[in-house]
Amino acid sequence: MHKRVIFQDKLLPYLLLAPQIAVTLIFFIWPAWAMIQQSVLREDAFGLTSNFVWFENFQRIFSDPGYLQSFEVTLIFSVSVALLGLSSALVLAVMADRVIRGATTYKTLLIWPYAVAPAVAGALWSFLFDPTVGEVSYVLHLLGVNWNFVLNGSQAMLLVVFAASWNQFSYNFIFFLAGLQSIPKSLIEAAAIDGAGPGRRFWTIIFPLLSPTGFFLLAVNVVYAFFGTFGVIDTVTRGGPAMATNILVYKVYSDSFRALDLGGSAAQSVVLMAIVIGLTVVQFRYVERRVHY
Amino acid sequence: MKFNPIAMTAAALALALAGAGAAQAQTEVQWWHAMGGQLGDKVNEIAGKFNASQKEFKVVPVFKGTYTETMTQAIAAFRAHQQPDIVQVFEVGTATMMAAKGAVYPVWKLMADTGEKFNPKAFIGPVYGYYSTTDGKLLSMPFNSSTPVFYWNKDAFQKAGLDPNKPPKTWPEVGEAAKKLVGSGMNCGFTVQWQTWVQLENFSAWHNLPIASEENGFAGLGAKLEFNGPLQVKHIQQIADWEKDKLFVYGGREGKPDSKFASGECGMYLASSGSAGGFAKAKINFGISMLPYWPEVKGAPQNSIIGGATLWVLAGKPKENYKGVAKFFTFLSSPEIQADWHQSTGYVPITTAAYELTKKQGFYEKFPGRDVAVLQLTNKPPTKNSKGLRLGNYVQIRDIEDQELEAIWAHKKTAKEGLDDIVKRGDVLLRQFQQDNK
């Protein structure tokens, strides 16, 4: 006979859920609500005067060419960070999975970058690539590259993309490695016996079976590129030169905490939240369909 | 022995209360500041000296991070009714602080209300003018002020066949010197620190040209940016042209280019007078002289303007505290304290008396060039173009200036296009500030 465990007490489930609900309310719903409120107000920095202005803040940010450029920059940045971070992690995970001797050492070393906070990662990269005193810049100058990322926007973008994806790389690596190890060896061996080469085995067996992991990582990486990279941008370029790396989340920060434009930056936050919610929905509806579990 | 937790807690509580009681006999004045490292030690030293000089008040300095962090935290604290008595705010935050009428306690009023003696004439003109109303009433207490000066590397000059004791005086001479430096194998003629402050604000004041209408914003919130005039366009275009031959090399925003001069990569540097101490430590053989100017401009050079920060008094504290603040301000502006602060940091003294005292002590003979900043500020009596600027949303406007200048240095825009765009984008923010603070 099928027996179900049922809690008789109607209150208990709610009680057990309460801590999670409290955390969500305090750390998500409440700030998000405050942000939405702020986005329809114009206030001076000290909060002495406050005017309700409907959607004026939104009108203002969308008529600012700097804000529209920030969208473009964010798109390029996020796609590059996610692609570079995922592809390099996948390649190295496949390699590390095949290594027989010293595998643990390789794996440990590859996981290290994740222990570095984004701001510290940014500081490291900006020291190495500093146009005046950086060691890598020295080599680049010797090779005849006119390396000056404080003036050249494309070089600045390249640098923050590398720094940000390097920082996130280990996280992707661990998940890919775990995914690879859960693929039954017998499947791969069977394919090998049938005469499939390493490339074929990868694309027809390993890659599809890794897709749930890949999908999960895609979602995480997009969110990371949108929000988690703040520390890298702040320490390396501060959005410059000439707005070349001014991603949306950095603009929200500099407009609110540096420029004290609370209404404008709240409006930008609302837009940013809408974008990330939209992206997540799209990923789950369309990308997930192609995933094999 | 057996522990009795209740008795022990009670004893600890009694001790804590006794301690609090002793502290409350003195009125505590909270001072939030942004002076890290060596400067922070100096701030603590000043507060310590004041606390030792009397018994009634105790000034407690608290380091809060960068200028922007300090200001943001003070504002957040004000909103939560936990504000400090004194907060250090950088010069571009002046308009924001001024507009917050209910939040600040103007210094002239504080001094009058507490009956503290106060003489506006004792201050150095451009230092006082930057932080006072159009009718000459002081709003915040000047503390650390600096002005940009011209640095040159004497060894590099020697090597390039230039007279190491004769710095260029005008911009064409700077161009010539840069050519020779690059010709001698250097990768960079000159670079500029805090470019918006030096190349736009100070450049305009130094040539007696307006930065914005309405007396650079002093006369009202309706000010419009005006530094896209013919001379500014010519100057910025000249620098951009020099960039092509490495006579000028862009080293980044704010203090980032410091390493280019300190490492000997660039032979000349336009930078804050407050940077001299750092270069002395870097073992660079350098000299300090006045900013270059364009010789065809009549009456140039005028006087340079300041940067740095002042101390604002926040409203809503008990009367007793303000008495302490007033006493502390008098102590802070005394010649001895100011002269010491000036000599150990490189910031300019805020009073003429402190400058005279430093001179009498023979400091400038020992460290030649350290008086250039004061001489530059007092070169001529300030005009309405050269007493400073007071523009709202200026932190954001400076970001725009940096962005557009970077586009000019990268030759994506001409000087005219870039400067016009600064004015166009900056004016939008000025109108917004005007509307928010009606």
# chains A, B, ... in the order shown; residues from 1 in each chain; ligands from 1

$ closest_atom_pairs --of "chain A" --to "chain B" --cutoff "8 Å" --atoms "only C-alpha atoms" --output "tab-separated table"
residue	atom	partner	partner_atom	distance
A:Arg42	CA	B:Asp436	CA	6.7
A:Glu43	CA	B:Asp436	CA	6.8
A:Asp44	CA	B:Asp436	CA	6.4
A:Ala45	CA	B:Ile75	CA	7.0
A:Phe46	CA	B:Ile75	CA	5.7
A:Gly47	CA	B:Arg79	CA	6.7
A:Leu48	CA	B:Gly102	CA	7.3
A:Thr132	CA	B:Lys260	CA	6.3
A:Val133	CA	B:Ser259	CA	7.7
A:Val150	CA	B:Gly252	CA	5.3
A:Leu151	CA	B:Glu406	CA	6.4
A:Asn152	CA	B:Ala410	CA	7.0
A:Gly240	CA	B:Gln403	CA	7.0
A:Pro241	CA	B:Glu406	CA	6.1
A:Ala242	CA	B:Gln403	CA	3.8
A:Met243	CA	B:Gln403	CA	6.3
A:Asp255	CA	B:Gln396	CA	7.3
A:Phe257	CA	B:Thr72	CA	6.5
A:Arg258	CA	B:Thr68	CA	5.8
A:Ala259	CA	B:Val395	CA	5.5
A:Leu260	CA	B:Thr72	CA	7.7

$ select_by_dssp --residues "range 18-166 of chain B" --states "strand (DSSP E or B)" --output "PyMOL selection string"
chain B and resi 27-33+57-63+86-90+104+123+132+138+141-146+148-153

$ write_last_selection --atoms "C-alpha atoms" --output "PDB file, in the first residue's frame"
ATOM      1  CA  THR B  27      31.508  67.219  24.153  1.00  0.00           C
ATOM      2  CA  GLU B  28      32.485  65.009  21.257  1.00  0.00           C
ATOM      3  CA  VAL B  29      32.748  66.445  17.781  1.00  0.00           C
ATOM      4  CA  GLN B  30      32.709  63.867  14.973  1.00  0.00           C
ATOM      5  CA  TRP B  31      34.858  64.700  11.949  1.00  0.00           C
ATOM      6  CA  TRP B  32      34.570  62.454   8.893  1.00  0.00           C
ATOM      7  CA  HIS B  33      37.394  62.821   6.426  1.00  0.00           C
ATOM      8  CA  PHE B  57      35.701  69.448  23.545  1.00  0.00           C
ATOM      9  CA  LYS B  58      37.066  66.361  21.917  1.00  0.00           C
ATOM     10  CA  VAL B  59      37.390  66.196  18.131  1.00  0.00           C
ATOM     11  CA  VAL B  60      37.218  62.623  16.840  1.00  0.00           C
ATOM     12  CA  PRO B  61      38.479  62.218  13.264  1.00  0.00           C
ATOM     13  CA  VAL B  62      37.111  59.205  11.375  1.00  0.00           C
ATOM     14  CA  PHE B  63      38.568  58.063   8.057  1.00  0.00           C
ATOM     15  CA  ILE B  86      31.988  67.986  10.321  1.00  0.00           C
ATOM     16  CA  VAL B  87      32.451  66.299   6.967  1.00  0.00           C
ATOM     17  CA  GLN B  88      35.205  66.841   4.421  1.00  0.00           C
ATOM     18  CA  VAL B  89      33.795  67.380   0.918  1.00  0.00           C
ATOM     19  CA  PHE B  90      35.807  67.824  -2.273  1.00  0.00           C
ATOM     20  CA  VAL B 104      24.337  72.403   6.160  1.00  0.00           C
ATOM     21  CA  PHE B 123      42.400  83.995   3.983  1.00  0.00           C
ATOM     22  CA  SER B 132      31.916  81.752  -0.305  1.00  0.00           C
ATOM     23  CA  LEU B 138      32.108  81.782   3.819  1.00  0.00           C
ATOM     24  CA  MET B 141      35.986  75.880   6.061  1.00  0.00           C
ATOM     25  CA  PRO B 142      38.921  75.593   3.634  1.00  0.00           C
ATOM     26  CA  PHE B 143      41.173  72.739   4.707  1.00  0.00           C
ATOM     27  CA  ASN B 144      43.262  71.087   2.021  1.00  0.00           C
ATOM     28  CA  SER B 145      43.583  73.163  -1.122  1.00  0.00           C
ATOM     29  CA  SER B 146      45.989  72.673  -3.969  1.00  0.00           C
ATOM     30  CA  PRO B 148      48.085  72.691 -10.535  1.00  0.00           C
ATOM     31  CA  VAL B 149      51.705  73.636 -11.214  1.00  0.00           C
ATOM     32  CA  PHE B 150      54.326  72.763 -13.812  1.00  0.00           C
ATOM     33  CA  TYR B 151      56.913  70.047 -13.031  1.00  0.00           C
ATOM     34  CA  TRP B 152      59.936  69.290 -15.166  1.00  0.00           C
ATOM     35  CA  ASN B 153      62.602  66.599 -14.959  1.00  0.00           C
TER      36      ASN B 153
END

$ atom_distance --atom1 "CA of Lys154 in chain B" --atom2 "CA of Gly264 in chain B"
10.4 Å

$ closest_residue --among "A:Gly214, A:Thr237, A:Val249, A:Arg98" --to "Lys185 in chain A" --atoms "only C-alpha atoms"
A:Arg98

$ closest_residue --among "B:Lys244, B:Lys109, B:His81, B:Lys169" --to "Pro292 in chain B" --atoms "only C-alpha atoms"
B:Lys169

$ residues_around --residues "Thr170 in chain B" --least-positions-apart "3" --cutoff "9 Å" --atoms "only C-alpha atoms" --output "PDB file with C-alpha atoms, in the first residue's frame"
ATOM      1  CA  GLU B 173      57.974  76.740 -25.466  1.00  0.00           C
ATOM      2  CA  VAL B 174      56.482  73.575 -23.938  1.00  0.00           C
ATOM      3  CA  GLY B 175      56.029  72.242 -27.467  1.00  0.00           C
ATOM      4  CA  LEU B 291      51.685  76.828 -15.450  1.00  0.00           C
ATOM      5  CA  PRO B 292      52.425  77.681 -19.097  1.00  0.00           C
ATOM      6  CA  TYR B 293      50.173  80.138 -20.959  1.00  0.00           C
ATOM      7  CA  TRP B 294      49.557  81.365 -24.490  1.00  0.00           C
ATOM      8  CA  PRO B 295      51.611  84.560 -24.943  1.00  0.00           C
TER       9      PRO B 295
END

$ residues_around --residues "Leu357 in chain B" --least-positions-apart "3" --cutoff "8 Å" --atoms "only C-alpha atoms" --output "JSON, numbers by chain"
{"B": [335, 336, 339, 353, 354, 360, 361]}

$ write_last_selection --atoms "N, CA and C atoms" --output "short mmCIF file (atom, residue, chain, number, x, y, z; two decimals), in the first residue's frame"
data_model
loop_
_atom_site.label_atom_id
_atom_site.label_comp_id
_atom_site.auth_asym_id
_atom_site.auth_seq_id
_atom_site.Cartn_x
_atom_site.Cartn_y
_atom_site.Cartn_z
N PRO B 335 48.02 80.25 12.22
CA PRO B 335 49.21 80.20 11.36
C PRO B 335 50.09 78.97 11.61
N GLU B 336 50.29 78.60 12.89
CA GLU B 336 51.20 77.50 13.20
C GLU B 336 50.71 76.19 12.59
N ALA B 339 50.79 76.41 8.70
CA ALA B 339 52.15 76.37 8.15
C ALA B 339 52.69 74.94 8.18
N ALA B 353 48.87 84.65 6.70
CA ALA B 353 49.77 84.59 7.85
C ALA B 353 50.58 83.30 7.84
N ALA B 354 49.94 82.18 7.47
CA ALA B 354 50.64 80.89 7.44
C ALA B 354 51.71 80.90 6.36
N LYS B 360 59.20 82.91 6.64
CA LYS B 360 60.11 83.34 7.70
C LYS B 360 60.93 82.16 8.22
N GLN B 361 60.32 80.98 8.22
CA GLN B 361 61.02 79.80 8.72
C GLN B 361 62.06 79.28 7.73
#
